[in-house]
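Participant: Input start17.tsv, format and content: TSV, N, CA and C atoms.
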chain	number	residue	atom	x	y	z
V	1	LYS	N	1.24	25.49	-2.39
V	1	LYS	CA	2.31	24.55	-2.68
V	1	LYS	C	1.99	23.73	-3.92
V	2	CYS	N	0.74	23.35	-4.09
V	2	CYS	CA	0.36	22.54	-5.25
V	2	CYS	C	0.42	23.35	-6.54
V	3	ALA	N	-0.02	24.61	-6.46
V	3	ALA	CA	-0.07	25.47	-7.65
V	3	ALA	C	1.31	25.74	-8.21
V	4	THR	N	2.34	25.65	-7.38
V	4	THR	CA	3.70	25.88	-7.86
V	4	THR	C	4.00	24.97	-9.05
V	5	CYS	N	3.55	23.73	-8.98
V	5	CYS	CA	3.78	22.79	-10.08
V	5	CYS	C	2.53	22.56	-10.92
V	6	HIS	N	1.39	22.37	-10.26
V	6	HIS	CA	0.16	22.01	-10.97
V	6	HIS	C	-0.58	23.20	-11.56
V	7	GLY	N	-0.07	24.40	-11.33
V	7	GLY	CA	-0.60	25.58	-11.98
V	7	GLY	C	-1.82	26.19	-11.33
V	8	VAL	N	-2.17	27.35	-11.85
V	8	VAL	CA	-3.35	28.08	-11.39
V	8	VAL	C	-4.59	27.26	-11.72
V	9	ASN	N	-5.50	27.17	-10.76
V	9	ASN	CA	-6.74	26.39	-10.93
V	9	ASN	C	-6.49	24.93	-11.28
V	10	ALA	N	-5.34	24.40	-10.87
V	10	ALA	CA	-4.98	23.00	-11.07
V	10	ALA	C	-5.00	22.61	-12.55
V	11	ALA	N	-4.70	23.57	-13.42
V	11	ALA	CA	-4.74	23.35	-14.87
V	11	ALA	C	-3.46	22.72	-15.42
V	12	GLY	N	-2.47	22.49	-14.55
V	12	GLY	CA	-1.20	21.91	-14.99
V	12	GLY	C	-0.28	22.96	-15.57
V	13	GLN	N	0.96	22.55	-15.78
V	13	GLN	CA	1.95	23.40	-16.42
V	13	GLN	C	2.73	22.56	-17.41
V	14	ASN	N	2.78	23.01	-18.63
V	14	ASN	CA	3.47	22.30	-19.69
V	14	ASN	C	4.91	22.00	-19.29
V	15	GLY	N	5.26	20.73	-19.32
V	15	GLY	CA	6.62	20.32	-19.01
V	15	GLY	C	6.95	20.26	-17.53
V	16	VAL	N	5.98	20.61	-16.66
V	16	VAL	CA	6.25	20.63	-15.22
V	16	VAL	C	5.39	19.62	-14.48
V	17	ALA	N	4.07	19.72	-14.60
V	17	ALA	CA	3.16	18.84	-13.86
V	17	ALA	C	1.81	18.78	-14.58
V	18	PRO	N	1.09	17.67	-14.40
V	18	PRO	CA	-0.18	17.51	-15.10
V	18	PRO	C	-1.32	18.32	-14.49
V	19	PRO	N	-2.39	18.49	-15.25
V	19	PRO	CA	-3.58	19.13	-14.71
V	19	PRO	C	-4.29	18.16	-13.76
V	20	LEU	N	-4.79	18.67	-12.67
V	20	LEU	CA	-5.59	17.85	-11.76
V	20	LEU	C	-7.06	17.90	-12.15
V	21	VAL	N	-7.41	18.88	-12.97
V	21	VAL	CA	-8.76	18.96	-13.53
V	21	VAL	C	-8.70	18.17	-14.84
V	22	HIS	N	-8.74	16.86	-14.68
V	22	HIS	CA	-8.62	15.94	-15.81
V	22	HIS	C	-9.34	14.65	-15.44
V	23	LYS	N	-9.92	14.00	-16.42
V	23	LYS	CA	-10.69	12.77	-16.18
V	23	LYS	C	-9.86	11.71	-15.44
V	24	ILE	N	-8.56	11.68	-15.66
V	24	ILE	CA	-7.72	10.69	-14.97
V	24	ILE	C	-7.85	10.81	-13.45
V	25	TYR	N	-8.06	12.02	-12.97
V	25	TYR	CA	-8.10	12.24	-11.52
V	25	TYR	C	-9.51	12.27	-10.95
V	26	GLU	N	-10.51	11.81	-11.73
V	26	GLU	CA	-11.86	11.77	-11.20
V	26	GLU	C	-11.92	10.78	-10.03
V	27	PRO	N	-12.88	10.94	-9.13
V	27	PRO	CA	-12.94	10.11	-7.93
V	27	PRO	C	-12.99	8.61	-8.19
V	28	ASN	N	-13.57	8.18	-9.30
V	28	ASN	CA	-13.63	6.74	-9.59
V	28	ASN	C	-12.27	6.16	-9.97
V	29	HIS	N	-11.35	7.02	-10.36
V	29	HIS	CA	-10.03	6.52	-10.74
V	29	HIS	C	-8.96	6.86	-9.70
V	30	HIS	N	-9.04	8.05	-9.13
V	30	HIS	CA	-8.12	8.47	-8.06
V	30	HIS	C	-8.96	9.00	-6.90
V	31	ALA	N	-9.15	8.17	-5.91
V	31	ALA	CA	-9.92	8.56	-4.73
V	31	ALA	C	-9.19	9.67	-3.97
V	32	ASP	N	-9.90	10.31	-3.08
V	32	ASP	CA	-9.31	11.38	-2.28
V	32	ASP	C	-8.04	10.93	-1.57
V	33	MET	N	-8.03	9.69	-1.11
V	33	MET	CA	-6.86	9.18	-0.40
V	33	MET	C	-5.62	9.16	-1.29
V	34	ALA	N	-5.80	8.99	-2.60
V	34	ALA	CA	-4.65	9.00	-3.52
V	34	ALA	C	-3.96	10.36	-3.50
V	35	PHE	N	-4.75	11.43	-3.40
V	35	PHE	CA	-4.17	12.77	-3.32
V	35	PHE	C	-3.41	12.95	-2.01
V	36	LEU	N	-4.01	12.47	-0.94
V	36	LEU	CA	-3.38	12.57	0.38
V	36	LEU	C	-2.07	11.80	0.41
V	37	MET	N	-2.09	10.59	-0.12
V	37	MET	CA	-0.88	9.76	-0.13
V	37	MET	C	0.19	10.38	-1.05
V	38	ALA	N	-0.23	10.98	-2.15
V	38	ALA	CA	0.73	11.62	-3.05
V	38	ALA	C	1.45	12.76	-2.34
V	39	ALA	N	0.69	13.57	-1.61
V	39	ALA	CA	1.29	14.69	-0.89
V	39	ALA	C	2.24	14.17	0.21
V	40	ARG	N	1.84	13.12	0.88
V	40	ARG	CA	2.66	12.57	1.97
V	40	ARG	C	3.92	11.88	1.47
V	41	SER	N	3.77	11.03	0.46
V	41	SER	CA	4.85	10.12	0.08
V	41	SER	C	5.42	10.34	-1.31
V	42	GLY	N	4.78	11.19	-2.10
V	42	GLY	CA	5.19	11.35	-3.48
V	42	GLY	C	4.57	10.27	-4.34
V	43	VAL	N	4.82	10.35	-5.65
V	43	VAL	CA	4.22	9.40	-6.59
V	43	VAL	C	5.22	9.11	-7.71
V	44	ARG	N	5.32	7.84	-8.06
V	44	ARG	CA	6.13	7.50	-9.24
V	44	ARG	C	5.33	7.84	-10.48
V	45	SER	N	5.98	8.37	-11.47
V	45	SER	CA	5.34	8.75	-12.73
V	45	SER	C	4.67	7.52	-13.35
V	46	HIS	N	3.37	7.65	-13.68
V	46	HIS	CA	2.70	6.52	-14.32
V	46	HIS	C	1.64	6.93	-15.34
V	47	HIS	N	1.05	8.10	-15.23
V	47	HIS	CA	0.08	8.54	-16.23
V	47	HIS	C	0.67	9.57	-17.19
V	48	TRP	N	1.63	10.30	-16.73
V	48	TRP	CA	2.20	11.41	-17.48
V	48	TRP	C	3.71	11.28	-17.55
V	49	ARG	N	4.33	12.06	-18.38
V	49	ARG	CA	5.79	12.02	-18.54
V	49	ARG	C	6.44	13.26	-17.93
V	50	PHE	N	6.04	13.58	-16.71
V	50	PHE	CA	6.62	14.73	-16.03
V	50	PHE	C	7.67	14.30	-15.01
V	51	GLY	N	7.87	13.02	-14.86
V	51	GLY	CA	8.77	12.51	-13.84
V	51	GLY	C	8.03	12.27	-12.54
V	52	ASP	N	8.73	11.75	-11.56
V	52	ASP	CA	8.13	11.44	-10.27
V	52	ASP	C	7.77	12.72	-9.52
V	53	MET	N	6.71	12.64	-8.74
V	53	MET	CA	6.32	13.75	-7.87
V	53	MET	C	6.93	13.49	-6.50
V	54	PRO	N	7.71	14.41	-5.97
V	54	PRO	CA	8.27	14.23	-4.63
V	54	PRO	C	7.19	14.49	-3.57
V	55	PRO	N	7.41	14.01	-2.35
V	55	PRO	CA	6.49	14.37	-1.26
V	55	PRO	C	6.47	15.89	-1.10
V	56	VAL	N	5.35	16.40	-0.63
V	56	VAL	CA	5.22	17.84	-0.41
V	56	VAL	C	5.60	18.13	1.04
V	57	LYS	N	6.72	18.76	1.21
V	57	LYS	CA	7.20	19.06	2.57
V	57	LYS	C	6.42	20.21	3.18
V	58	GLY	N	6.13	20.08	4.46
V	58	GLY	CA	5.51	21.17	5.20
V	58	GLY	C	4.02	21.34	5.00
V	59	ILE	N	3.35	20.36	4.41
V	59	ILE	CA	1.90	20.46	4.23
V	59	ILE	C	1.24	19.46	5.16
V	60	THR	N	0.15	19.85	5.76
V	60	THR	CA	-0.55	18.98	6.71
V	60	THR	C	-1.66	18.21	5.99
V	61	ASP	N	-2.10	17.13	6.61
V	61	ASP	CA	-3.23	16.37	6.07
V	61	ASP	C	-4.47	17.26	5.97
V	62	ALA	N	-4.67	18.12	6.95
V	62	ALA	CA	-5.84	19.02	6.93
V	62	ALA	C	-5.77	19.95	5.71
V	63	GLU	N	-4.58	20.46	5.42
V	63	GLU	CA	-4.42	21.33	4.24
V	63	GLU	C	-4.69	20.56	2.95
V	64	VAL	N	-4.20	19.34	2.89
V	64	VAL	CA	-4.43	18.52	1.70
V	64	VAL	C	-5.92	18.25	1.52
V	65	LYS	N	-6.63	18.03	2.61
V	65	LYS	CA	-8.08	17.79	2.51
V	65	LYS	C	-8.80	19.00	1.93
V	66	TYR	N	-8.38	20.20	2.29
V	66	TYR	CA	-8.96	21.41	1.69
V	66	TYR	C	-8.62	21.48	0.20
V	67	ILE	N	-7.42	21.11	-0.14
V	67	ILE	CA	-7.00	21.12	-1.54
V	67	ILE	C	-7.82	20.10	-2.34
V	68	ILE	N	-8.03	18.94	-1.77
V	68	ILE	CA	-8.85	17.92	-2.43
V	68	ILE	C	-10.25	18.47	-2.69
V	69	ARG	N	-10.83	19.10	-1.69
V	69	ARG	CA	-12.17	19.68	-1.86
V	69	ARG	C	-12.17	20.69	-3.00
V	70	TYR	N	-11.15	21.53	-3.05
V	70	TYR	CA	-11.03	22.53	-4.10
V	70	TYR	C	-10.91	21.88	-5.47
V	71	VAL	N	-10.05	20.86	-5.59
V	71	VAL	CA	-9.88	20.17	-6.87
V	71	VAL	C	-11.18	19.50	-7.29
V	72	ARG	N	-11.87	18.86	-6.36
V	72	ARG	CA	-13.14	18.20	-6.69
V	72	ARG	C	-14.18	19.23	-7.16
V	73	GLU	N	-14.20	20.40	-6.54
V	73	GLU	CA	-15.12	21.45	-6.99
V	73	GLU	C	-14.78	21.91	-8.40
V	74	LEU	N	-13.49	22.08	-8.69
V	74	LEU	CA	-13.06	22.46	-10.03
V	74	LEU	C	-13.43	21.37	-11.05
V	75	GLN	N	-13.22	20.12	-10.67
V	75	GLN	CA	-13.56	19.01	-11.56
V	75	GLN	C	-15.05	19.04	-11.88
V	76	LYS	N	-15.86	19.20	-10.85
V	76	LYS	CA	-17.31	19.21	-11.02
V	76	LYS	C	-17.74	20.35	-11.95
V	77	GLU	N	-17.16	21.54	-11.73
V	77	GLU	CA	-17.48	22.69	-12.58
V	77	GLU	C	-17.10	22.44	-14.04
V	78	ASN	N	-16.15	21.55	-14.26
V	78	ASN	CA	-15.68	21.25	-15.61
V	78	ASN	C	-16.23	19.92	-16.14
V	79	GLY	N	-17.28	19.41	-15.49
V	79	GLY	CA	-17.94	18.20	-15.97
V	79	GLY	C	-17.20	16.91	-15.70
V	80	ILE	N	-16.26	16.94	-14.78
V	80	ILE	CA	-15.51	15.74	-14.42
V	80	ILE	C	-15.93	15.32	-13.02
V	81	PHE	N	-16.69	14.26	-12.93
V	81	PHE	CA	-17.07	13.77	-11.62
V	81	PHE	C	-17.83	12.50	-11.69
Could I get this file's structure written as structure tokens?

Facilitator:
Amino acid sequence: KCATCHGVNAAGQNGVAPPLVHKIYEPNHHADMAFLMAARSGVRSHHWRFGDMPPVKGITDAEVKYIIRYVRELQKENGIF
């Protein structure tokens, strides 16, 4: 569900959604709970000009926690942590 907008390997999609493998989303700036809350409630646009992110329908907190782990691993592999 996340890759639909945020792209393969959370690299983002031009004009659609930002990359999650980016310094802005490092744990010191966006804690894991921020990802969980974004999936649950959506997010108003504030770092990027892609528009607001709607809540992700049909995704569980457990699934989001796996996604967070995956994004954090990608960030670490790319020197963001």

Participant: Which residues are close to segment 68-70 of chain V, i.e. within 8 Å by only N, CA and C atoms, leaving aside same-chain residues fewer than 3 positions away? Reply as an mmCIF file with N, CA and C atoms, in the coordinates of the input.

Facilitator:
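out-v4.cif, freshly written:
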data_model
loop_
_atom_site.group_PDB
_atom_site.id
_atom_site.type_symbol
_atom_site.label_atom_id
_atom_site.label_comp_id
_atom_site.auth_asym_id
_atom_site.auth_seq_id
_atom_site.Cartn_x
_atom_site.Cartn_y
_atom_site.Cartn_z
ATOM 1 N N ASN V 9 -5.500 27.170 -10.760
ATOM 2 C CA ASN V 9 -6.740 26.390 -10.930
ATOM 3 C C ASN V 9 -6.490 24.930 -11.280
ATOM 4 N N ASP V 32 -9.900 10.310 -3.080
ATOM 5 C CA ASP V 32 -9.310 11.380 -2.280
ATOM 6 C C ASP V 32 -8.040 10.930 -1.570
ATOM 7 N N PHE V 35 -4.750 11.430 -3.400
ATOM 8 C CA PHE V 35 -4.170 12.770 -3.320
ATOM 9 C C PHE V 35 -3.410 12.950 -2.010
ATOM 10 N N LEU V 36 -4.010 12.470 -0.940
ATOM 11 C CA LEU V 36 -3.380 12.570 0.380
ATOM 12 C C LEU V 36 -2.070 11.800 0.410
ATOM 13 N N ALA V 62 -4.670 18.120 6.950
ATOM 14 C CA ALA V 62 -5.840 19.020 6.930
ATOM 15 C C ALA V 62 -5.770 19.950 5.710
ATOM 16 N N GLU V 63 -4.580 20.460 5.420
ATOM 17 C CA GLU V 63 -4.420 21.330 4.240
ATOM 18 C C GLU V 63 -4.690 20.560 2.950
ATOM 19 N N VAL V 64 -4.200 19.340 2.890
ATOM 20 C CA VAL V 64 -4.430 18.520 1.700
ATOM 21 C C VAL V 64 -5.920 18.250 1.520
ATOM 22 N N LYS V 65 -6.630 18.030 2.610
ATOM 23 C CA LYS V 65 -8.080 17.790 2.510
ATOM 24 C C LYS V 65 -8.800 19.000 1.930
ATOM 25 N N GLU V 73 -14.200 20.400 -6.540
ATOM 26 C CA GLU V 73 -15.120 21.450 -6.990
ATOM 27 C C GLU V 73 -14.780 21.910 -8.400
ATOM 28 N N LEU V 74 -13.490 22.080 -8.690
ATOM 29 C CA LEU V 74 -13.060 22.460 -10.030
ATOM 30 C C LEU V 74 -13.430 21.370 -11.050
ATOM 31 N N GLN V 75 -13.220 20.120 -10.670
ATOM 32 C CA GLN V 75 -13.560 19.010 -11.560
ATOM 33 C C GLN V 75 -15.050 19.040 -11.880
ATOM 34 N N LYS V 76 -15.860 19.200 -10.850
ATOM 35 C CA LYS V 76 -17.310 19.210 -11.020
ATOM 36 C C LYS V 76 -17.740 20.350 -11.950
#

Participant: Mind the document's chain letters and residue numbers, and return as a VMD selection string the residues of chain V that DSSP labels alpha helix (DSSP H).

Facilitator: chain V and resid 2 to 6 32 to 41 61 to 77

Participant: Report the distance between atom C of Val21 of chain V and atom CA of Pro55 of chain V in Å, rounded to one decimal place.

Facilitator: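 That distance, rounded to one decimal, is 20.7 Å.
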
Participant: With a distance cut-off of 6 Å and all atoms listed in the file, select the neighbouring residues of Met53 of chain V, excluding the residue or stretch itself and same-chain residues fewer than 5 positions from it, and output the selection as a PDB file with N, CA and C atoms, keeping the file's coordinate frame.

Facilitator:
ATOM      1  N   GLY V  42       4.780  11.190  -2.100  1.00  0.00           N
ATOM      2  CA  GLY V  42       5.190  11.350  -3.480  1.00  0.00           C
ATOM      3  C   GLY V  42       4.570  10.270  -4.340  1.00  0.00           C
ATOM      4  N   VAL V  43       4.820  10.350  -5.650  1.00  0.00           N
ATOM      5  CA  VAL V  43       4.220   9.400  -6.590  1.00  0.00           C
ATOM      6  C   VAL V  43       5.220   9.110  -7.710  1.00  0.00           C
ATOM      7  N   ARG V  44       5.320   7.840  -8.060  1.00  0.00           N
ATOM      8  CA  ARG V  44       6.130   7.500  -9.240  1.00  0.00           C
ATOM      9  C   ARG V  44       5.330   7.840 -10.480  1.00  0.00           C
ATOM     10  N   SER V  45       5.980   8.370 -11.470  1.00  0.00           N
ATOM     11  CA  SER V  45       5.340   8.750 -12.730  1.00  0.00           C
ATOM     12  C   SER V  45       4.670   7.520 -13.350  1.00  0.00           C
TER      13      SER V  45
END

Participant: For a test of reading the model, state the distance in Å between atom CA of Arg49 of chain V and atom N of Phe81 of chain V, rounded to one decimal.

Facilitator: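 If I compute the distance from atom CA of Arg49 of chain V to atom N of Phe81 of chain V, I get 23.3 Å.
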
Participant: Between V:Val71, V:Ile80, V:Trp48, V:Ile59, single out the one closest to Pro18 of chain V, counting only N, CA and C atoms.

Facilitator: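 Between V:Val71, V:Ile80, V:Trp48, V:Ile59, the residue approaching Pro18 of chain V most closely is V:Trp48.
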
Participant: May I ask for the distance between atom N of Glu26 of chain V and atom C of Ala11 of chain V, given in Å to one decimal place?

Facilitator: 13.5 Å

Participant: Check the DSSP output for the backbone and give back, as a VMD selection string, the residues of chain V in strand (DSSP E or B).

Facilitator: chain V and resid 13 17 43 53

Participant: Nearest to Cys5 of chain V among V:Pro27, V:Gly58, V:Gly79, V:Pro19, with distances taken over only C-alpha atoms: which residue is it?

Facilitator: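 So, comparing all the options, the nearest one is V:Pro19.
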
Participant: For each of V:His22, V:Gly51, V:Thr4, V:Val56, take the minimum atom-to-atom distance to Met37 of chain V, counting all atoms listed in the file, then give the residue where this is smallest.

Facilitator: V:Val56

Participant: Between V:Met33, V:Val8, V:Cys2, V:Ile24, which one has atoms that come closest to Pro54 of chain V, using only C-alpha atoms?

Facilitator: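 Counting only C-alpha atoms, the residue closest to Pro54 of chain V is V:Cys2.
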